[in-house]
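Source file: work_35.tsv. Holds: TSV, C-alpha atoms.
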chain	number	residue	atom	x	y	z
K	1	MET	CA	70.98	93.90	118.49
K	2	GLU	CA	74.00	93.03	116.39
K	3	LEU	CA	73.36	91.12	113.18
K	4	PRO	CA	75.83	88.57	111.72
K	5	TYR	CA	76.18	90.40	108.39
K	6	PRO	CA	76.94	93.97	107.27
K	7	THR	CA	73.90	96.25	107.29
K	8	ARG	CA	72.73	99.63	106.11
K	9	ILE	CA	69.82	101.84	107.13
K	10	VAL	CA	67.54	103.07	104.34
K	11	ARG	CA	64.42	105.20	104.31
K	12	GLU	CA	61.36	104.07	102.34
K	13	GLY	CA	58.11	105.96	102.72
K	14	LEU	CA	57.82	106.78	106.43
K	15	ALA	CA	59.85	103.73	107.46
K	16	GLU	CA	63.51	103.58	108.43
K	17	ILE	CA	64.66	100.06	107.63
K	18	ILE	CA	67.74	98.02	108.46
K	19	ILE	CA	68.76	95.95	105.43
K	20	PRO	CA	71.75	93.80	104.44
K	21	ASP	CA	74.34	96.18	102.99
K	22	PRO	CA	73.87	96.01	99.18
K	23	ASP	CA	77.58	96.65	98.60
K	24	ALA	CA	78.35	93.25	100.10
K	25	TYR	CA	76.05	91.42	97.68
K	26	ARG	CA	76.83	92.80	94.25
K	27	ARG	CA	77.45	90.75	91.14
K	28	SER	CA	80.64	91.11	89.12
K	29	ASP	CA	78.89	93.74	86.98
K	30	GLY	CA	78.19	95.84	90.09
K	31	VAL	CA	74.44	95.15	90.23
K	32	TYR	CA	72.95	94.39	93.66
K	33	GLU	CA	71.36	90.92	93.72
K	34	PRO	CA	68.72	90.77	96.52
K	35	ALA	CA	68.57	86.95	96.41
K	36	TRP	CA	72.24	86.77	97.43
K	37	ALA	CA	71.68	88.67	100.69
K	38	PRO	CA	70.95	86.76	103.92
K	39	VAL	CA	67.53	88.47	104.12
K	40	PHE	CA	65.57	89.52	101.05
K	41	TYR	CA	65.02	93.24	100.43
K	42	ASN	CA	64.46	94.55	96.91
K	43	PRO	CA	64.73	98.35	96.63
K	44	ARG	CA	63.26	98.18	93.12
K	45	MET	CA	59.92	97.11	94.62
K	46	ALA	CA	59.48	100.34	96.60
K	47	PHE	CA	56.98	101.53	93.99
K	48	ASN	CA	55.00	98.30	94.39
K	49	ARG	CA	54.87	98.99	98.12
K	50	ASP	CA	53.80	102.62	97.51
K	51	ILE	CA	50.73	101.48	95.57
K	52	ALA	CA	50.06	98.81	98.20
K	53	VAL	CA	50.00	101.44	100.95
K	54	LEU	CA	47.55	103.57	98.94
K	55	VAL	CA	45.22	100.58	98.52
K	56	ALA	CA	45.56	99.77	102.22
K	57	ARG	CA	44.56	103.31	103.18
K	58	LEU	CA	41.52	103.06	100.91
K	59	LEU	CA	40.49	99.77	102.53
K	60	ALA	CA	40.99	101.21	106.02
K	61	ARG	CA	38.58	104.05	105.19
K	62	ARG	CA	36.00	101.71	103.70
K	63	HIS	CA	36.09	99.09	106.47
K	64	GLY	CA	36.88	101.28	109.48
K	65	ARG	CA	39.80	99.02	110.41
K	66	LEU	CA	42.72	97.35	108.65
K	67	ARG	CA	44.23	93.94	109.29
K	68	VAL	CA	46.90	92.91	106.80
K	69	VAL	CA	48.46	89.48	106.34
K	70	GLU	CA	51.88	89.28	104.69
K	71	PRO	CA	53.14	85.67	104.71
K	72	LEU	CA	56.40	86.30	102.78
K	73	THR	CA	57.76	89.25	104.72
K	74	GLY	CA	61.56	89.14	104.20
K	75	SER	CA	62.99	92.26	105.85
K	76	GLY	CA	59.54	93.30	107.09
K	77	VAL	CA	59.53	96.58	105.18
K	78	ARG	CA	56.06	96.02	103.71
K	79	ALA	CA	54.45	95.13	107.04
K	80	VAL	CA	56.15	98.07	108.77
K	81	ARG	CA	54.95	100.48	106.07
K	82	TYR	CA	51.40	99.14	106.35
K	83	ALA	CA	51.48	99.85	110.07
K	84	LEU	CA	53.14	103.27	109.81
K	85	GLU	CA	51.39	104.64	106.72
K	86	ALA	CA	47.97	102.95	106.81
K	87	GLY	CA	47.45	102.32	110.53
K	88	ALA	CA	47.31	98.57	109.98
K	89	GLU	CA	47.55	95.66	112.34
K	90	ALA	CA	49.99	93.51	110.36
K	91	TYR	CA	50.46	89.75	110.65
K	92	ALA	CA	53.71	88.77	108.95
K	93	ALA	CA	55.69	85.57	108.56
K	94	ASP	CA	58.78	84.16	106.92
K	95	ILE	CA	60.18	80.65	106.85
K	96	ASP	CA	63.73	81.98	107.42
K	97	PRO	CA	64.55	82.66	111.11
K	98	GLU	CA	67.07	85.32	110.08
K	99	ALA	CA	64.35	87.20	108.17
K	100	VAL	CA	62.01	86.97	111.16
K	101	ARG	CA	64.74	88.39	113.38
K	102	LEU	CA	65.32	91.35	111.04
K	103	ALA	CA	61.61	92.00	110.50
K	104	ARG	CA	61.02	92.16	114.27
K	105	LEU	CA	64.00	94.46	114.63
K	106	ASN	CA	62.62	96.77	111.94
K	107	ALA	CA	59.19	96.83	113.58
K	108	GLU	CA	60.83	97.76	116.88
K	109	ARG	CA	63.00	100.43	115.25
K	110	ASN	CA	59.90	102.10	113.79
K	111	GLY	CA	57.85	101.91	116.98
K	112	VAL	CA	55.23	99.51	115.62
K	113	SER	CA	56.22	96.21	117.26
K	114	ASP	CA	52.85	96.23	119.05
K	115	ARG	CA	51.06	96.22	115.65
K	116	VAL	CA	53.44	94.14	113.52
K	117	HIS	CA	53.33	90.51	114.63
K	118	VAL	CA	56.04	88.40	113.01
K	119	GLU	CA	56.22	84.59	113.12
K	120	CYS	CA	58.60	82.01	111.73
K	121	SER	CA	56.38	79.88	109.54
K	122	GLU	CA	55.85	78.51	106.04
K	123	ALA	CA	53.52	80.91	104.22
K	124	ARG	CA	50.59	78.56	103.55
K	125	LEU	CA	50.64	77.06	107.05
K	126	PHE	CA	50.70	80.58	108.48
K	127	MET	CA	47.61	81.61	106.50
K	128	GLU	CA	45.75	78.41	107.38
K	129	LYS	CA	46.46	78.96	111.07
K	130	LEU	CA	45.25	82.55	110.90
K	131	SER	CA	42.04	81.57	109.08
K	132	SER	CA	40.46	80.38	112.34
K	133	LYS	CA	41.38	83.62	114.13
K	134	ILE	CA	40.90	86.64	111.84
K	135	SER	CA	39.23	87.77	108.64
K	136	PRO	CA	41.73	90.30	107.24
K	137	GLU	CA	40.92	93.23	105.00
K	138	LEU	CA	44.07	92.67	102.90
K	139	ILE	CA	46.27	89.67	102.15
K	140	ASP	CA	49.50	90.56	100.35
K	141	ILE	CA	51.20	87.78	98.38
K	142	ASP	CA	54.53	89.09	97.07
K	143	PRO	CA	56.74	86.13	96.13
K	144	PHE	CA	59.71	85.78	93.85
K	145	GLY	CA	58.15	84.06	90.83
K	146	SER	CA	54.57	82.82	90.75
K	147	PRO	CA	51.96	83.53	93.45
K	148	ALA	CA	49.92	80.49	92.34
K	149	PRO	CA	51.09	78.08	95.11
K	150	PHE	CA	49.92	80.51	97.81
K	151	LEU	CA	46.56	81.62	96.41
K	152	GLU	CA	44.39	78.74	97.65
K	153	ALA	CA	45.38	79.43	101.27
K	154	ALA	CA	44.92	83.17	100.72
K	155	ILE	CA	41.42	82.70	99.28
K	156	HIS	CA	40.46	80.50	102.24
K	157	LEU	CA	41.76	83.14	104.65
K	158	THR	CA	39.58	85.88	103.13
K	159	HIS	CA	36.35	84.16	104.24
K	160	GLY	CA	34.82	85.79	101.16
K	161	ARG	CA	35.62	89.38	102.07
K	162	GLY	CA	38.55	91.76	101.78
K	163	VAL	CA	41.21	91.94	99.06
K	164	ILE	CA	43.97	89.63	97.85
K	165	ALA	CA	46.98	91.46	96.39
K	166	ALA	CA	49.22	89.23	94.28
K	167	THR	CA	52.50	89.98	92.52
K	168	ALA	CA	53.79	87.75	89.71
K	169	THR	CA	57.27	87.97	88.24
K	170	ASP	CA	57.02	84.80	86.11
K	171	LEU	CA	56.20	86.79	82.99
K	172	ALA	CA	57.75	84.37	80.50
K	173	PRO	CA	54.95	81.84	81.10
K	174	LEU	CA	52.24	84.46	81.65
K	175	THR	CA	52.95	86.19	78.34
K	176	GLY	CA	52.78	82.91	76.44
K	177	GLY	CA	56.49	82.26	76.03
K	178	ARG	CA	56.57	79.07	78.15
K	179	PRO	CA	53.31	77.14	77.69
K	180	LYS	CA	54.11	74.17	79.96
K	181	PRO	CA	54.71	76.08	83.24
K	182	LEU	CA	51.75	78.31	82.34
K	183	ARG	CA	49.54	75.23	82.06
K	184	ARG	CA	50.86	73.76	85.32
K	185	ARG	CA	50.60	76.91	87.42
K	186	TYR	CA	47.50	78.62	86.06
K	187	MET	CA	45.62	75.92	84.09
K	188	VAL	CA	45.62	78.12	81.00
K	189	GLU	CA	46.44	77.51	77.35
K	190	ALA	CA	48.14	80.45	75.64
K	191	ALA	CA	50.33	81.55	72.79
K	192	GLN	CA	52.42	84.67	72.38
K	193	THR	CA	50.28	87.65	71.37
K	194	SER	CA	50.79	91.34	70.59
K	195	TRP	CA	49.11	92.17	73.93
K	196	GLY	CA	51.18	89.88	76.16
K	197	LYS	CA	51.33	92.05	79.29
K	198	GLU	CA	47.57	92.45	79.35
K	199	MET	CA	47.21	88.73	78.74
K	200	ALA	CA	49.36	88.15	81.84
K	201	LEU	CA	47.10	90.36	83.96
K	202	ARG	CA	43.97	88.68	82.64
K	203	ILE	CA	45.39	85.18	83.21
K	204	LEU	CA	46.27	85.93	86.84
K	205	ALA	CA	42.97	87.71	87.56
K	206	GLY	CA	41.06	84.88	85.89
K	207	PHE	CA	42.95	82.21	87.83
K	208	ILE	CA	42.11	83.88	91.15
K	209	ALA	CA	38.46	84.33	90.12
K	210	ARG	CA	38.16	80.66	89.12
K	211	ARG	CA	39.78	79.40	92.32
K	212	ALA	CA	37.59	81.73	94.42
K	213	ALA	CA	34.46	80.37	92.72
K	214	VAL	CA	35.28	76.91	94.10
K	215	HIS	CA	34.60	78.40	97.55
K	216	ASP	CA	31.41	80.19	96.36
K	217	TYR	CA	33.28	83.52	96.38
K	218	ALA	CA	33.19	86.13	93.63
K	219	ALA	CA	36.54	87.80	92.87
K	220	LYS	CA	36.80	91.00	90.82
K	221	PRO	CA	39.78	93.31	90.20
K	222	LEU	CA	40.01	96.43	92.29
K	223	LEU	CA	43.25	97.35	90.50
K	224	ALA	CA	45.66	95.65	88.10
K	225	TYR	CA	48.85	96.97	86.55
K	226	TYR	CA	52.28	96.16	85.13
K	227	ALA	CA	55.55	97.80	86.25
K	228	ASP	CA	59.26	96.98	86.41
K	229	HIS	CA	58.97	93.45	84.96
K	230	TYR	CA	56.17	92.26	87.25
K	231	ILE	CA	52.37	92.32	87.27
K	232	ARG	CA	50.22	93.08	90.27
K	233	VAL	CA	46.49	92.44	90.80
K	234	TYR	CA	44.24	93.42	93.71
K	235	MET	CA	41.21	91.11	93.74
K	236	ARG	CA	38.19	92.05	95.86
K	237	MET	CA	36.31	89.07	97.30
K	238	GLU	CA	32.56	88.74	97.89
K	239	ARG	CA	30.59	85.84	99.31
K	240	GLY	CA	27.83	84.09	97.43
K	241	ALA	CA	27.43	81.29	94.91
K	242	ARG	CA	25.22	83.46	92.69
K	243	ARG	CA	27.83	86.21	92.65
K	244	ALA	CA	30.51	83.66	91.81
K	245	ASP	CA	28.32	82.26	89.02
K	246	LYS	CA	27.86	85.76	87.61
K	247	VAL	CA	31.63	86.34	87.45
K	248	LEU	CA	32.14	83.00	85.70
K	249	GLU	CA	29.32	83.65	83.23
K	250	GLU	CA	30.13	87.28	82.43
K	251	CYS	CA	33.87	87.65	82.97
K	252	ILE	CA	35.60	84.32	82.28
K	253	ALA	CA	36.09	83.40	78.63
K	254	TYR	CA	38.69	82.76	75.95
K	255	ALA	CA	40.34	85.20	73.58
K	256	ALA	CA	40.60	84.38	69.90
K	257	THR	CA	43.45	86.50	68.58
K	258	CYS	CA	44.95	86.93	65.12
K	259	PRO	CA	48.77	86.83	64.97
K	260	LYS	CA	48.72	88.65	61.63
K	261	CYS	CA	46.37	91.67	61.88
K	262	SER	CA	45.92	91.81	65.71
K	263	TYR	CA	42.14	91.26	65.64
K	264	THR	CA	40.94	89.88	69.00
K	265	GLU	CA	37.54	88.84	70.28
K	266	TYR	CA	36.38	87.26	73.53
K	267	ARG	CA	34.34	84.10	73.13
K	268	ARG	CA	32.86	81.21	75.10
K	269	ASP	CA	32.05	79.08	72.08
K	270	LEU	CA	35.36	77.40	71.28
K	271	LEU	CA	33.92	75.92	68.08
K	272	ALA	CA	33.13	79.31	66.54
K	273	GLY	CA	35.01	80.54	63.45
K	274	GLN	CA	38.64	79.44	63.47
K	275	ARG	CA	39.88	82.07	61.01
K	276	CYS	CA	40.22	85.83	61.31
K	277	PRO	CA	37.23	87.60	59.72
K	278	TYR	CA	39.53	90.39	58.48
K	279	CYS	CA	42.61	88.68	57.03
K	280	GLY	CA	41.75	84.98	57.04
K	281	ALA	CA	44.72	83.91	59.19
K	282	PRO	CA	44.18	81.06	61.70
K	283	LEU	CA	43.10	82.43	65.09
K	284	ARG	CA	44.96	81.52	68.28
K	285	LEU	CA	42.91	80.66	71.36
K	286	VAL	CA	44.08	81.92	74.75
K	287	GLY	CA	42.42	81.19	78.06
K	288	PRO	CA	40.51	81.00	80.16
K	289	LEU	CA	40.99	84.69	81.00
K	290	TYR	CA	39.29	87.41	83.00
K	291	THR	CA	37.58	89.48	80.28
K	292	CYS	CA	35.81	92.29	82.20
K	293	ARG	CA	37.35	95.59	83.33
K	294	LEU	CA	40.67	95.24	85.14
K	295	ALA	CA	39.98	97.99	87.67
K	296	ASP	CA	37.22	99.62	89.68
K	297	THR	CA	37.39	103.18	88.31
K	298	GLU	CA	35.82	104.68	91.45
K	299	ALA	CA	38.57	103.06	93.52
K	300	VAL	CA	41.24	104.32	91.12
K	301	GLU	CA	39.85	107.86	91.48
K	302	GLU	CA	40.16	107.54	95.27
K	303	LEU	CA	43.67	106.16	94.99
K	304	LEU	CA	44.67	109.03	92.71
K	305	ARG	CA	43.37	111.66	95.13
K	306	GLU	CA	45.26	109.94	97.95
K	307	ALA	CA	48.48	109.70	95.91
K	308	GLU	CA	48.39	113.41	95.09
K	309	LYS	CA	48.48	114.19	98.84
K	310	ALA	CA	50.87	111.43	99.95
K	311	ASN	CA	54.18	113.30	99.69
K	312	TRP	CA	55.96	110.70	101.85
K	313	LEU	CA	55.74	107.99	99.18
K	314	ALA	CA	59.03	106.69	97.82
K	315	GLU	CA	57.92	107.47	94.23
K	316	GLN	CA	54.92	109.78	94.56
K	317	GLU	CA	55.18	111.40	91.11
K	318	ARG	CA	55.33	108.02	89.42
K	319	ALA	CA	52.35	106.74	91.40
K	320	VAL	CA	50.25	109.75	90.38
K	321	LYS	CA	51.25	109.34	86.73
K	322	LEU	CA	50.36	105.63	86.70
K	323	LEU	CA	47.00	106.10	88.41
K	324	LYS	CA	46.02	108.91	86.02
K	325	LEU	CA	46.73	106.68	83.04
K	326	LEU	CA	44.97	103.68	84.60
K	327	LEU	CA	41.89	105.80	85.23
K	328	GLU	CA	41.88	106.93	81.61
K	329	GLU	CA	42.57	103.61	79.91
K	330	TYR	CA	40.34	101.42	82.07
K	331	SER	CA	37.44	103.79	81.35
K	332	VAL	CA	37.85	103.12	77.61
K	333	SER	CA	37.26	99.41	77.05
K	334	ASN	CA	37.86	95.92	78.36
K	335	LYS	CA	39.25	94.85	74.97
K	336	PRO	CA	43.00	94.16	74.79
K	337	TYR	CA	45.25	96.97	73.67
K	338	TYR	CA	46.51	97.30	70.09
K	339	ARG	CA	50.22	97.50	69.29
K	340	LEU	CA	50.36	100.26	66.68
K	341	ASP	CA	53.64	99.02	65.19
K	342	ARG	CA	52.08	95.58	64.60
K	343	LEU	CA	49.02	97.08	62.91
K	344	CYS	CA	51.18	99.29	60.70
K	345	SER	CA	53.35	96.35	59.73
K	346	PHE	CA	50.25	94.42	58.65
K	347	LEU	CA	48.90	97.45	56.75
K	348	ARG	CA	52.34	98.23	55.28
K	349	VAL	CA	52.16	101.89	56.22
K	350	ASN	CA	54.37	104.19	58.26
K	351	MET	CA	53.52	104.38	61.93
K	352	PRO	CA	51.62	107.58	62.81
K	353	LYS	CA	52.03	109.31	66.15
K	354	ILE	CA	50.01	107.55	68.82
K	355	ASP	CA	48.50	110.79	70.13
K	356	ARG	CA	47.34	111.61	66.58
K	357	LEU	CA	45.55	108.25	66.30
K	358	VAL	CA	43.95	108.67	69.74
K	359	ALA	CA	42.70	112.15	68.78
K	360	GLU	CA	41.35	110.92	65.43
K	361	LEU	CA	39.40	108.08	67.04
K	362	ARG	CA	37.92	110.47	69.58
K	363	LEU	CA	36.85	112.81	66.77
K	364	LEU	CA	34.99	109.87	65.24
K	365	GLY	CA	33.09	109.39	68.52
K	366	TYR	CA	35.05	106.47	69.94
K	367	LYS	CA	36.92	106.21	73.22
K	368	ALA	CA	40.69	105.89	72.98
K	369	SER	CA	43.76	106.34	75.15
K	370	ARG	CA	47.35	105.30	75.57
K	371	THR	CA	48.04	102.34	77.83
K	372	HIS	CA	50.56	101.96	80.65
K	373	LEU	CA	51.25	98.43	79.40
K	374	ASP	CA	53.14	99.39	76.23
K	375	PRO	CA	54.34	102.79	74.92
K	376	ARG	CA	53.64	101.62	71.34
K	377	ALA	CA	50.00	100.73	72.04
K	378	ILE	CA	46.53	102.22	72.38
K	379	ARG	CA	43.30	101.08	73.99
K	380	THR	CA	40.03	101.82	72.19
K	381	ASN	CA	36.43	100.67	71.85
K	382	ALA	CA	36.53	101.32	68.09
K	383	PRO	CA	35.81	98.27	65.90
K	384	HIS	CA	38.80	96.61	64.29
K	385	SER	CA	37.56	97.72	60.87
K	386	VAL	CA	37.74	101.37	61.92
K	387	LEU	CA	41.38	101.01	62.98
K	388	LEU	CA	42.25	99.34	59.68
K	389	SER	CA	40.79	102.30	57.78
K	390	VAL	CA	41.87	105.20	60.02
K	391	ILE	CA	45.54	104.24	60.38
K	392	PRO	CA	46.39	104.36	56.65
K	393	ALA	CA	44.46	107.62	56.29
K	394	ILE	CA	46.46	109.44	58.95
K	395	SER	CA	49.74	107.66	58.28
K	396	SER	CA	50.21	109.51	55.00
K	397	THR	CA	49.53	112.88	56.65
K	398	SER	CA	51.40	112.42	59.95
K	399	SER	CA	54.56	114.45	60.34
Written form, structure tokens:
Amino acid sequence: MELPYPTRIVREGLAEIIIPDPDAYRRSDGVYEPAWAPVFYNPRMAFNRDIAVLVARLLARRHGRLRVVEPLTGSGVRAVRYALEAGAEAYAADIDPEAVRLARLNAERNGVSDRVHVECSEARLFMEKLSSKISPELIDIDPFGSPAPFLEAAIHLTHGRGVIAATATDLAPLTGGRPKPLRRRYMVEAAQTSWGKEMALRILAGFIARRAAVHDYAAKPLLAYYADHYIRVYMRMERGARRADKVLEECIAYAATCPKCSYTEYRRDLLAGQRCPYCGAPLRLVGPLYTCRLADTEAVEELLREAEKANWLAEQERAVKLLKLLLEEYSVSNKPYYRLDRLCSFLRVNMPKIDRLVAELRLLGYKASRTHLDPRAIRTNAPHSVLLSVIPAISSTSS
């Protein structure tokens, strides 16, 4: 089938995909702009799709079957990879007829057209139509911008089981830089903090959990991470009003955070102390947020074992590295990470090496690790007072 635009064949994972030729859609600075192409394909999201395939394989093992819904398919690369690499039955859609044409062509090229079903449809209508037919194990929402408009239909489609995977690229609002769109899209009040990327993850996870509770579903993170200027959460759904109540009671709260010394606490009482107990600065309230662990560590262990064997992944080494760090840091604490440069600025001391601080905290009996969210930060369960005393002590002796 001849397409009305120049094309190129690329390999991603086990898939061989026809895409619009990037050379025909470059900006004046030579950078390929996926949004300019007649059908959307972003090569920079191959890593996102690698992790998605690993999660899909885990779900296939746990459920004994795998049905995936992808309502924003573009070139179809994600649906094709789910079918090829995880044995999925994939239900894909796009509102653009040209994208549907290319996605079907890519499914045929890879020999999975019997398991990749592609329709021309608006994403939410597609999910609503499917909700009377199937109860999928995975729903993958991967838009350009915010996933918020699509999440209600996705939650309904789960029927209280399976996993919703959601990508968000609207990090300016989610990190507190644009309060008005944040309020509109996620019903959250926030300010810029020293732990902005984690705040973004907790806002998105909390939004999904709150919307799921409306349906008497409990939603908890299977996995959550940041990479390449986007965040990604995988939320596992369970039926039951009592389970939903438990999530709301135990895992949805506000964060009171100090812009001066980085002290942060989770709270449900919004009328509690309004000033930092350490430096006296006015506290900023952020929320509501998801405040429990951002990953199921048993699932991350499984994903890591799978990644170490999956030599066909587009970025296997990077996937292994990320999952190792996620396993370490999410075993430490559900408290937000600390930016070491911010703490040192407040304390007016030189910044010690992060590994030295991690080692010192462990010697004192606390858990501590680096975080994938910021190379200048650590995650620890040590009290704030311990950090304020340990950092100056090792700063003067760090080489």
Find the nearest atom pair between each residue of segment 181-209 of chain K and segment 229-246 of chain K for residues within 8 Å, count all atoms listed in the file, give distances in Å to one decimal, sort rows by chain and ascending number, and present the table as CSV.
residue,atom,partner,partner_atom,distance
K:Ala200,CA,K:Ile231,CA,7.5
K:Leu201,CA,K:Ile231,CA,6.5
K:Leu204,CA,K:Val233,CA,7.6
K:Ala205,CA,K:Val233,CA,6.7
K:Ile208,CA,K:Met235,CA,7.7
Nearest to Pro149 of chain K, chosen from K:Phe40, K:Glu122, K:Pro173, K:Ser369, with all atoms listed in the file counted in the distances: K:Glu122
Which of K:Arg115, K:Arg57, K:Arg342, K:Lys353 sits closest to Tyr263 of chain K [using all atoms listed in the file]: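 Nearest to Tyr263 of chain K: K:Arg342.
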Radius query 9 Å about (45.2, 86.6, 61.0), atoms used: only C-alpha atoms, as a PyMOL selection string: chain K and resi 257-263+275-284
Contacts of Ala90 of chain K at 10 Å (all atoms listed in the file; same-chain gap of 6+ positions) as a list in words: Leu66, Arg67, Val68, Val69, Glu70, Arg78, Ala79, Val80, Arg81, Tyr82, Ala83, Val112, Ser113, Asp114, Arg115, Val116, His117, Val118, Pro136, Leu138 and Ile139 of chain K
Pairwise distance for atom CA of Gly74 of chain K and atom CA of Ala99 of chain K, rounded to one decimal in Å: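 About the pair atom CA of Gly74 of chain K and atom CA of Ala99 of chain K: they are 5.2 Å apart.
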Computed interatomic separation between atom CA of Glu89 of chain K and atom CA of Arg65 of chain K (Å): 8.7 Å
Atom-to-atom span, atom CA of His372 of chain K and atom CA of Arg211 of chain K, Å: 27.6 Å
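The closest residue to Thr169 of chain K, picked from K:Asp296, K:Asp142, K:Asp216, K:Glu189 and counting only C-alpha atoms, is K:Asp142.
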Top pick for closest residue to Cys120 of chain K, considering K:Leu151, K:Val349, K:Val163, K:Leu72 and counting only C-alpha atoms: K:Leu72
